[in-house]
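A.B. asks: Sharing entry.pdb below, PDB, C-alpha atoms:
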```pdb
ATOM      1  CA  MET A 195     154.117 192.794 184.655
ATOM      2  CA  SER A 196     151.271 193.696 182.306
ATOM      3  CA  ASP A 197     149.757 197.143 181.870
ATOM      4  CA  ASP A 198     146.596 196.057 183.706
ATOM      5  CA  GLN A 199     148.574 195.078 186.787
ATOM      6  CA  ARG A 200     150.512 198.364 186.800
ATOM      7  CA  ASP A 201     147.275 200.370 186.695
ATOM      8  CA  GLN A 202     145.900 198.592 189.746
ATOM      9  CA  THR A 203     148.848 199.131 192.072
ATOM     10  CA  PRO A 204     148.781 202.371 194.066
ATOM     11  CA  ALA A 205     151.699 204.741 193.570
ATOM     12  CA  GLU A 206     152.116 205.607 197.258
ATOM     13  CA  PRO A 207     150.215 204.629 200.361
ATOM     14  CA  ALA A 208     147.808 207.327 201.485
ATOM     15  CA  ALA A 209     148.945 209.261 204.519
ATOM     16  CA  GLN A 210     146.486 208.993 207.386
ATOM     17  CA  ALA A 211     146.003 211.574 210.067
ATOM     18  CA  PRO A 212     147.269 210.474 213.471
ATOM     19  CA  VAL A 213     144.570 209.324 215.857
ATOM     20  CA  PRO A 214     144.609 211.421 219.033
ATOM     21  CA  ALA A 215     144.993 209.604 222.318
ATOM     22  CA  GLY A 216     142.065 209.301 224.665
ATOM     23  CA  PRO A 217     138.327 208.934 224.196
ATOM     24  CA  GLN A 218     136.756 210.221 220.988
ATOM     25  CA  PRO A 219     133.356 211.968 220.839
ATOM     26  CA  GLU A 220     130.444 209.958 219.499
ATOM     27  CA  PRO A 221     129.062 211.470 216.283
ATOM     28  CA  ILE A 222     125.446 212.620 216.125
ATOM     29  CA  ARG A 223     123.449 212.063 212.933
ATOM     30  CA  PHE A 224     123.570 215.140 210.656
ATOM     31  CA  PHE A 225     126.039 216.856 213.024
ATOM     32  CA  GLY A 226     129.009 214.496 213.161
ATOM     33  CA  THR A 227     131.325 215.679 215.917
ATOM     34  CA  THR A 228     130.725 219.402 215.337
ATOM     35  CA  TRP A 229     128.683 219.429 218.553
ATOM     36  CA  VAL A 230     131.866 219.231 220.645
ATOM     37  CA  ASN A 231     133.145 222.729 219.824
ATOM     38  CA  HIS A 232     130.060 224.064 218.002
ATOM     39  CA  ASP A 233     132.105 224.593 214.849
ATOM     40  CA  GLY A 234     131.864 223.496 211.226
ATOM     41  CA  GLY A 235     128.422 224.950 210.529
ATOM     42  CA  TYR A 236     126.852 223.627 213.736
ATOM     43  CA  ALA A 237     124.386 226.515 214.151
ATOM     44  CA  LEU A 238     123.388 226.446 210.490
ATOM     45  CA  ARG A 239     122.772 222.693 210.683
ATOM     46  CA  ARG A 240     120.606 223.116 213.772
ATOM     47  CA  VAL A 241     118.494 225.778 212.081
ATOM     48  CA  ALA A 242     118.189 223.780 208.851
ATOM     49  CA  LEU A 243     117.196 220.593 210.681
ATOM     50  CA  ALA A 244     114.688 222.439 212.866
ATOM     51  CA  VAL A 245     113.033 224.005 209.825
ATOM     52  CA  GLY A 246     113.147 220.706 207.941
ATOM     53  CA  SER A 247     111.565 218.691 210.737
ATOM     54  CA  LEU A 248     108.841 221.288 211.305
ATOM     55  CA  THR A 249     108.095 221.451 207.567
ATOM     56  CA  THR A 250     107.907 217.666 207.388
ATOM     57  CA  ALA A 251     105.592 217.552 210.420
ATOM     58  CA  VAL A 252     103.254 220.130 208.861
ATOM     59  CA  ALA A 253     103.243 218.264 205.537
ATOM     60  CA  ALA A 254     102.476 215.013 207.366
ATOM     61  CA  ALA A 255      99.625 216.666 209.268
ATOM     62  CA  VAL A 256      98.160 217.934 205.994
ATOM     63  CA  LEU A 257      98.471 214.430 204.529
ATOM     64  CA  LEU A 258      96.676 212.948 207.540
ATOM     65  CA  ARG A 259      93.955 215.578 207.199
ATOM     66  CA  LEU A 260      93.455 214.592 203.564
ATOM     67  CA  SER A 261      93.277 210.947 204.616
ATOM     68  CA  TYR A 262      90.633 211.792 207.211
ATOM     69  CA  GLU A 263      88.629 213.673 204.599
ATOM     70  CA  GLY A 264      88.880 210.562 202.415
ATOM     71  CA  LEU A 265      87.322 208.568 205.228
ATOM     72  CA  GLU A 266      84.535 211.131 205.497
ATOM     73  CA  ILE A 267      83.904 211.010 201.739
ATOM     74  CA  GLY A 268      83.882 207.216 201.890
ATOM     75  CA  ASN A 269      81.168 207.461 204.567
ATOM     76  CA  VAL A 270      82.761 204.802 206.777
ATOM     77  CA  GLY A 271      80.880 205.887 209.854
ATOM     78  CA  PRO A 272      81.677 207.917 212.928
ATOM     79  CA  PHE A 273      83.223 205.047 214.912
ATOM     80  CA  LEU A 274      86.030 204.428 212.416
ATOM     81  CA  SER A 275      86.630 208.137 211.815
ATOM     82  CA  ILE A 276      86.958 208.847 215.541
ATOM     83  CA  SER A 277      89.069 205.722 216.066
ATOM     84  CA  VAL A 278      91.580 206.839 213.422
ATOM     85  CA  VAL A 279      91.909 210.298 214.965
ATOM     86  CA  VAL A 280      92.334 208.866 218.474
ATOM     87  CA  LEU A 281      94.853 206.283 217.237
ATOM     88  CA  PHE A 282      97.063 208.911 215.600
ATOM     89  CA  ALA A 283      96.772 211.237 218.599
ATOM     90  CA  ILE A 284      97.815 208.527 221.070
ATOM     91  CA  ALA A 285     100.563 207.195 218.820
ATOM     92  CA  SER A 286     101.937 210.707 218.252
ATOM     93  CA  SER A 287     101.960 211.506 221.957
ATOM     94  CA  ILE A 288     103.732 208.231 222.811
ATOM     95  CA  ALA A 289     106.250 208.788 220.004
ATOM     96  CA  PHE A 290     106.888 212.338 221.264
ATOM     97  CA  VAL A 291     107.513 211.172 224.835
ATOM     98  CA  LYS A 292     109.758 208.271 223.792
ATOM     99  CA  THR A 293     111.735 210.393 221.330
ATOM    100  CA  TRP A 294     112.145 213.238 223.827
ATOM    101  CA  GLY A 295     113.291 210.790 226.503
ATOM    102  CA  SER A 296     115.808 209.167 224.166
ATOM    103  CA  TYR A 297     117.685 212.484 223.938
ATOM    104  CA  SER A 298     118.362 212.606 227.669
ATOM    105  CA  SER A 299     119.047 208.970 228.589
ATOM    106  CA  ARG A 300     120.004 205.755 226.874
ATOM    107  CA  PRO A 301     117.363 203.017 226.897
ATOM    108  CA  ALA A 302     117.978 200.012 229.113
ATOM    109  CA  PRO A 303     119.269 196.941 227.272
ATOM    110  CA  SER A 304     116.130 195.011 228.195
ATOM    111  CA  SER A 305     113.724 197.832 227.341
ATOM    112  CA  ASP A 306     110.801 197.395 224.978
ATOM    113  CA  GLU A 307     111.987 199.935 222.383
ATOM    114  CA  ALA A 308     111.771 197.340 219.611
ATOM    115  CA  ALA A 309     108.157 196.603 220.524
ATOM    116  CA  LEU A 310     107.269 200.300 220.274
ATOM    117  CA  LYS A 311     108.928 200.775 216.875
ATOM    118  CA  GLY A 312     105.642 200.284 215.008
ATOM    119  CA  LEU A 313     103.798 202.650 217.303
ATOM    120  CA  LYS A 314     106.520 205.277 216.872
ATOM    121  CA  THR A 315     106.246 204.846 213.107
ATOM    122  CA  ILE A 316     102.517 205.526 213.205
ATOM    123  CA  GLY A 317     103.055 208.524 215.477
ATOM    124  CA  PHE A 318     105.904 209.952 213.413
ATOM    125  CA  ILE A 319     104.497 213.475 213.733
ATOM    126  CA  GLY A 320     105.213 213.379 217.475
ATOM    127  CA  SER A 321     108.799 212.305 216.786
ATOM    128  CA  LEU A 322     109.254 215.117 214.266
ATOM    129  CA  ILE A 323     107.907 217.695 216.719
ATOM    130  CA  ALA A 324     110.226 216.398 219.463
ATOM    131  CA  TYR A 325     113.160 216.658 217.034
ATOM    132  CA  PHE A 326     112.144 220.216 216.119
ATOM    133  CA  LEU A 327     111.868 221.321 219.734
ATOM    134  CA  ARG A 328     115.207 219.739 220.665
ATOM    135  CA  CYS A 329     116.929 221.433 217.691
ATOM    136  CA  LEU A 330     115.858 224.809 219.074
ATOM    137  CA  GLY A 331     118.122 224.345 222.109
ATOM    138  CA  GLU A 332     120.839 221.923 221.041
ATOM    139  CA  ALA A 333     121.605 219.070 218.688
ATOM    140  CA  PRO A 334     119.308 216.156 219.564
ATOM    141  CA  GLY A 335     121.215 213.974 222.011
ATOM    142  CA  GLU A 336     124.022 216.497 222.531
ATOM    143  CA  LYS A 337     123.546 216.868 226.281
ATOM    144  CA  LEU A 338     123.674 213.112 226.834
ATOM    145  CA  ARG A 339     126.702 212.594 224.617
ATOM    146  CA  ARG A 340     128.494 215.629 226.070
ATOM    147  CA  SER A 341     128.110 214.344 229.630
ATOM    148  CA  GLU A 342     129.311 210.865 228.583
ATOM    149  CA  TYR A 343     132.245 212.341 226.644
ATOM    150  CA  GLU A 344     133.322 214.633 229.491
ATOM    151  CA  GLN A 345     133.079 211.769 231.966
ATOM    152  CA  ALA A 346     135.197 209.569 229.672
ATOM    153  CA  ARG A 347     137.785 212.353 229.276
ATOM    154  CA  ALA A 348     137.961 212.916 233.034
ATOM    155  CA  GLU A 349     138.359 209.174 233.612
ATOM    156  CA  TYR A 350     141.082 208.986 230.973
ATOM    157  CA  ALA A 351     142.923 211.968 232.486
ATOM    158  CA  ARG A 352     142.673 210.425 235.965
ATOM    159  CA  ARG A 353     144.066 207.122 234.722
ATOM    160  CA  ARG A 354     146.900 208.826 232.855
ATOM    161  CA  SER A 355     147.871 211.134 235.717
ATOM    162  CA  THR A 356     148.271 208.357 238.295
ATOM    163  CA  ARG A 357     151.005 206.651 236.301
ATOM    164  CA  THR A 358     154.451 207.460 237.629
ATOM    165  CA  GLY A 359     156.640 205.661 235.169
ATOM    166  CA  ASN A 360     158.344 202.312 235.105
ATOM    167  CA  PRO A 361     157.553 200.335 238.269
ATOM    168  CA  ALA A 362     160.729 198.274 237.831
ATOM    169  CA  GLY A 363     162.830 201.404 238.231
ATOM    170  CA  ARG A 364     161.468 202.183 241.687
ATOM    171  CA  ARG A 365     163.479 201.597 244.790
ATOM    172  CA  PRO A 366     162.248 198.797 247.012
ATOM    173  CA  LYS A 367     160.543 199.850 250.209
ATOM    174  CA  ARG A 368     162.714 199.788 253.301
ATOM    175  CA  LYS A 369     161.847 197.306 255.966
ATOM    176  CA  LYS A 370     161.544 198.600 259.497
TER
END
```
Please rewrite the model in this file as structure tokens.
C.D. replies:
Amino acid sequence: MSDDQRDQTPAEPAAQAPVPAGPQPEPIRFFGTTWVNHDGGYALRRVALAVGSLTTAVAAAVLLRLSYEGLEIGNVGPFLSISVVVLFAIASSIAFVKTWGSYSSRPAPSSDEAALKGLKTIGFIGSLIAYFLRCLGEAPGEKLRRSEYEQARAEYARRRSTRTGNPAGRRPKRKK
């Protein structure tokens, strides 16, 4: 065996942690599974993400204001200026409502979420504000995932508790 081949072979296989039985919690972006027990810097993450989303929303609003002033300097006319403001206001409100609703229920498989992706991108300020407001109370999507996780754990416990052992070892029922 050459030196190159010896360098590529691992010395020992890495020991992996045992996987616990039962359903596992679904991780939330930026939070992982710390939302289950509110440990591992959960509160600090919530505060940091709330401040970050609010700061980003304010910066985006300032950027849109500068863009509007550019339209005014360009003297494009009142129709286009008003149309841009109305477009961003409607898109932001729709993005806020859709984002807020996505934290409390999963979209239907046949829903038109993909069709609204462009509109939600234009109204990103509404999504950022919804994220900020949700971070004030909990991790975004925590309530939904917690209810699903607790339901899955209860179902798993119910399935496990009804098992009585080996069915072949049971006595046959007596005939009357």
A.B. asks: Quote the spacing between CA of Tyr343 (chain A) and CA of Thr293 (chain A) in Å to one decimal place.
C.D. replies: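 Computed distance, CA of Tyr343 (chain A) to CA of Thr293 (chain A), equals 21.3 Å.
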A.B. asks: Expressed in Å to a single decimal, how great is the separation between CA of Lys292 (chain A) and CA of Lys314 (chain A)?
C.D. replies: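 Taking CA of Lys292 (chain A) and CA of Lys314 (chain A), their separation equals 8.2 Å.
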A.B. asks: From the options A:Val256, A:Ile316, A:Val279, A:Ala333, which residue's atoms come nearest to Phe225 (chain A), counting all atoms listed in the file?
C.D. replies: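 Of the candidates, the smallest distance to Phe225 (chain A) is held by A:Ala333.
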A.B. asks: Using the chain letters and numbers from the file, which residues does the PyMOL selection byres ((chain A and resi 233-250) around 12) grab, as an mmCIF file with C-alpha atoms, keeping the file's coordinate frame?
C.D. replies:
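That gives us expr_13.cif:
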```
data_model
loop_
_atom_site.group_PDB
_atom_site.id
_atom_site.type_symbol
_atom_site.label_atom_id
_atom_site.label_comp_id
_atom_site.auth_asym_id
_atom_site.auth_seq_id
_atom_site.Cartn_x
_atom_site.Cartn_y
_atom_site.Cartn_z
ATOM 1 C CA ILE A 222 125.446 212.620 216.125
ATOM 2 C CA ARG A 223 123.449 212.063 212.933
ATOM 3 C CA PHE A 224 123.570 215.140 210.656
ATOM 4 C CA PHE A 225 126.039 216.856 213.024
ATOM 5 C CA GLY A 226 129.009 214.496 213.161
ATOM 6 C CA THR A 227 131.325 215.679 215.917
ATOM 7 C CA THR A 228 130.725 219.402 215.337
ATOM 8 C CA TRP A 229 128.683 219.429 218.553
ATOM 9 C CA VAL A 230 131.866 219.231 220.645
ATOM 10 C CA ASN A 231 133.145 222.729 219.824
ATOM 11 C CA HIS A 232 130.060 224.064 218.002
ATOM 12 C CA ALA A 251 105.592 217.552 210.420
ATOM 13 C CA VAL A 252 103.254 220.130 208.861
ATOM 14 C CA ALA A 253 103.243 218.264 205.537
ATOM 15 C CA ALA A 254 102.476 215.013 207.366
ATOM 16 C CA ALA A 255 99.625 216.666 209.268
ATOM 17 C CA VAL A 256 98.160 217.934 205.994
ATOM 18 C CA LEU A 257 98.471 214.430 204.529
ATOM 19 C CA PHE A 318 105.904 209.952 213.413
ATOM 20 C CA ILE A 319 104.497 213.475 213.733
ATOM 21 C CA GLY A 320 105.213 213.379 217.475
ATOM 22 C CA SER A 321 108.799 212.305 216.786
ATOM 23 C CA LEU A 322 109.254 215.117 214.266
ATOM 24 C CA ILE A 323 107.907 217.695 216.719
ATOM 25 C CA ALA A 324 110.226 216.398 219.463
ATOM 26 C CA TYR A 325 113.160 216.658 217.034
ATOM 27 C CA PHE A 326 112.144 220.216 216.119
ATOM 28 C CA LEU A 327 111.868 221.321 219.734
ATOM 29 C CA ARG A 328 115.207 219.739 220.665
ATOM 30 C CA CYS A 329 116.929 221.433 217.691
ATOM 31 C CA LEU A 330 115.858 224.809 219.074
ATOM 32 C CA GLY A 331 118.122 224.345 222.109
ATOM 33 C CA GLU A 332 120.839 221.923 221.041
ATOM 34 C CA ALA A 333 121.605 219.070 218.688
ATOM 35 C CA PRO A 334 119.308 216.156 219.564
ATOM 36 C CA GLU A 336 124.022 216.497 222.531
#
```
A.B. asks: Counting all atoms listed in the file, which residue out of A:Lys311, A:Lys367, A:Arg353, A:Arg300 sits closest to Lys337 (chain A)?
C.D. replies: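 Once distances to Lys337 (chain A) are computed over all atoms listed in the file, the minimum belongs to A:Arg300.
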A.B. asks: At what distance in Å, to one decimal, does CA of Arg339 (chain A) lie from CA of Pro301 (chain A)?
C.D. replies: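 So the answer is 13.6 Å.
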A.B. asks: Which residues would end up in the selection if the PyMOL selection byres ((chain A and resi 297) around 7) were applied here, given that I need the answer as a tab-separated table (two decimals) with C-alpha atoms, in the coordinates of the input?
C.D. replies:
```tsv
chain	number	residue	atom	x	y	z
A	293	THR	CA	111.74	210.39	221.33
A	294	TRP	CA	112.14	213.24	223.83
A	295	GLY	CA	113.29	210.79	226.50
A	296	SER	CA	115.81	209.17	224.17
A	298	SER	CA	118.36	212.61	227.67
A	299	SER	CA	119.05	208.97	228.59
A	334	PRO	CA	119.31	216.16	219.56
A	335	GLY	CA	121.22	213.97	222.01
A	338	LEU	CA	123.67	213.11	226.83
```
A.B. asks: Write out as an NGL selection string which residues come within 10 Å of Tyr350 (chain A) when counting all atoms listed in the file, dropping same-chain ones fewer than 4 positions away.
C.D. replies: :A and (215-217 or 344-346 or 354-355)
A.B. asks: Let's have the selection written as a short mmCIF file (atom, residue, chain, number, x, y, z; two decimals), in the frame of the given file, with C-alpha atoms.
C.D. replies:
```cif
data_model
loop_
_atom_site.label_atom_id
_atom_site.label_comp_id
_atom_site.auth_asym_id
_atom_site.auth_seq_id
_atom_site.Cartn_x
_atom_site.Cartn_y
_atom_site.Cartn_z
CA ALA A 215 144.99 209.60 222.32
CA GLY A 216 142.06 209.30 224.66
CA PRO A 217 138.33 208.93 224.20
CA GLU A 344 133.32 214.63 229.49
CA GLN A 345 133.08 211.77 231.97
CA ALA A 346 135.20 209.57 229.67
CA ARG A 354 146.90 208.83 232.86
CA SER A 355 147.87 211.13 235.72
#
```
A.B. asks: Please report, as lines of an AutoDock Vina configuration file, the centre and edge lengths in Å to one decimal of an axis-aligned box covering all listed atoms of region 215-234 of chain A with 3 Å per side.
C.D. replies:
```
center_x = 134.2
center_y = 216.8
center_z = 217.7
size_x = 27.5
size_y = 21.7
size_z = 20.0
```
A.B. asks: Applied to this file, what does the PyMOL selection byres ((chain A and resi 285) around 7) return in terms of residues, put as a PDB file with C-alpha atoms, in the frame of the given file?
C.D. replies:
```pdb
ATOM      1  CA  LEU A 281      94.853 206.283 217.237  1.00  0.00           C
ATOM      2  CA  PHE A 282      97.063 208.911 215.600  1.00  0.00           C
ATOM      3  CA  ALA A 283      96.772 211.237 218.599  1.00  0.00           C
ATOM      4  CA  ILE A 284      97.815 208.527 221.070  1.00  0.00           C
ATOM      5  CA  SER A 286     101.937 210.707 218.252  1.00  0.00           C
ATOM      6  CA  SER A 287     101.960 211.506 221.957  1.00  0.00           C
ATOM      7  CA  ILE A 288     103.732 208.231 222.811  1.00  0.00           C
ATOM      8  CA  ALA A 289     106.250 208.788 220.004  1.00  0.00           C
ATOM      9  CA  LEU A 313     103.798 202.650 217.303  1.00  0.00           C
ATOM     10  CA  LYS A 314     106.520 205.277 216.872  1.00  0.00           C
ATOM     11  CA  ILE A 316     102.517 205.526 213.205  1.00  0.00           C
ATOM     12  CA  GLY A 317     103.055 208.524 215.477  1.00  0.00           C
TER      13      GLY A 317
END
```
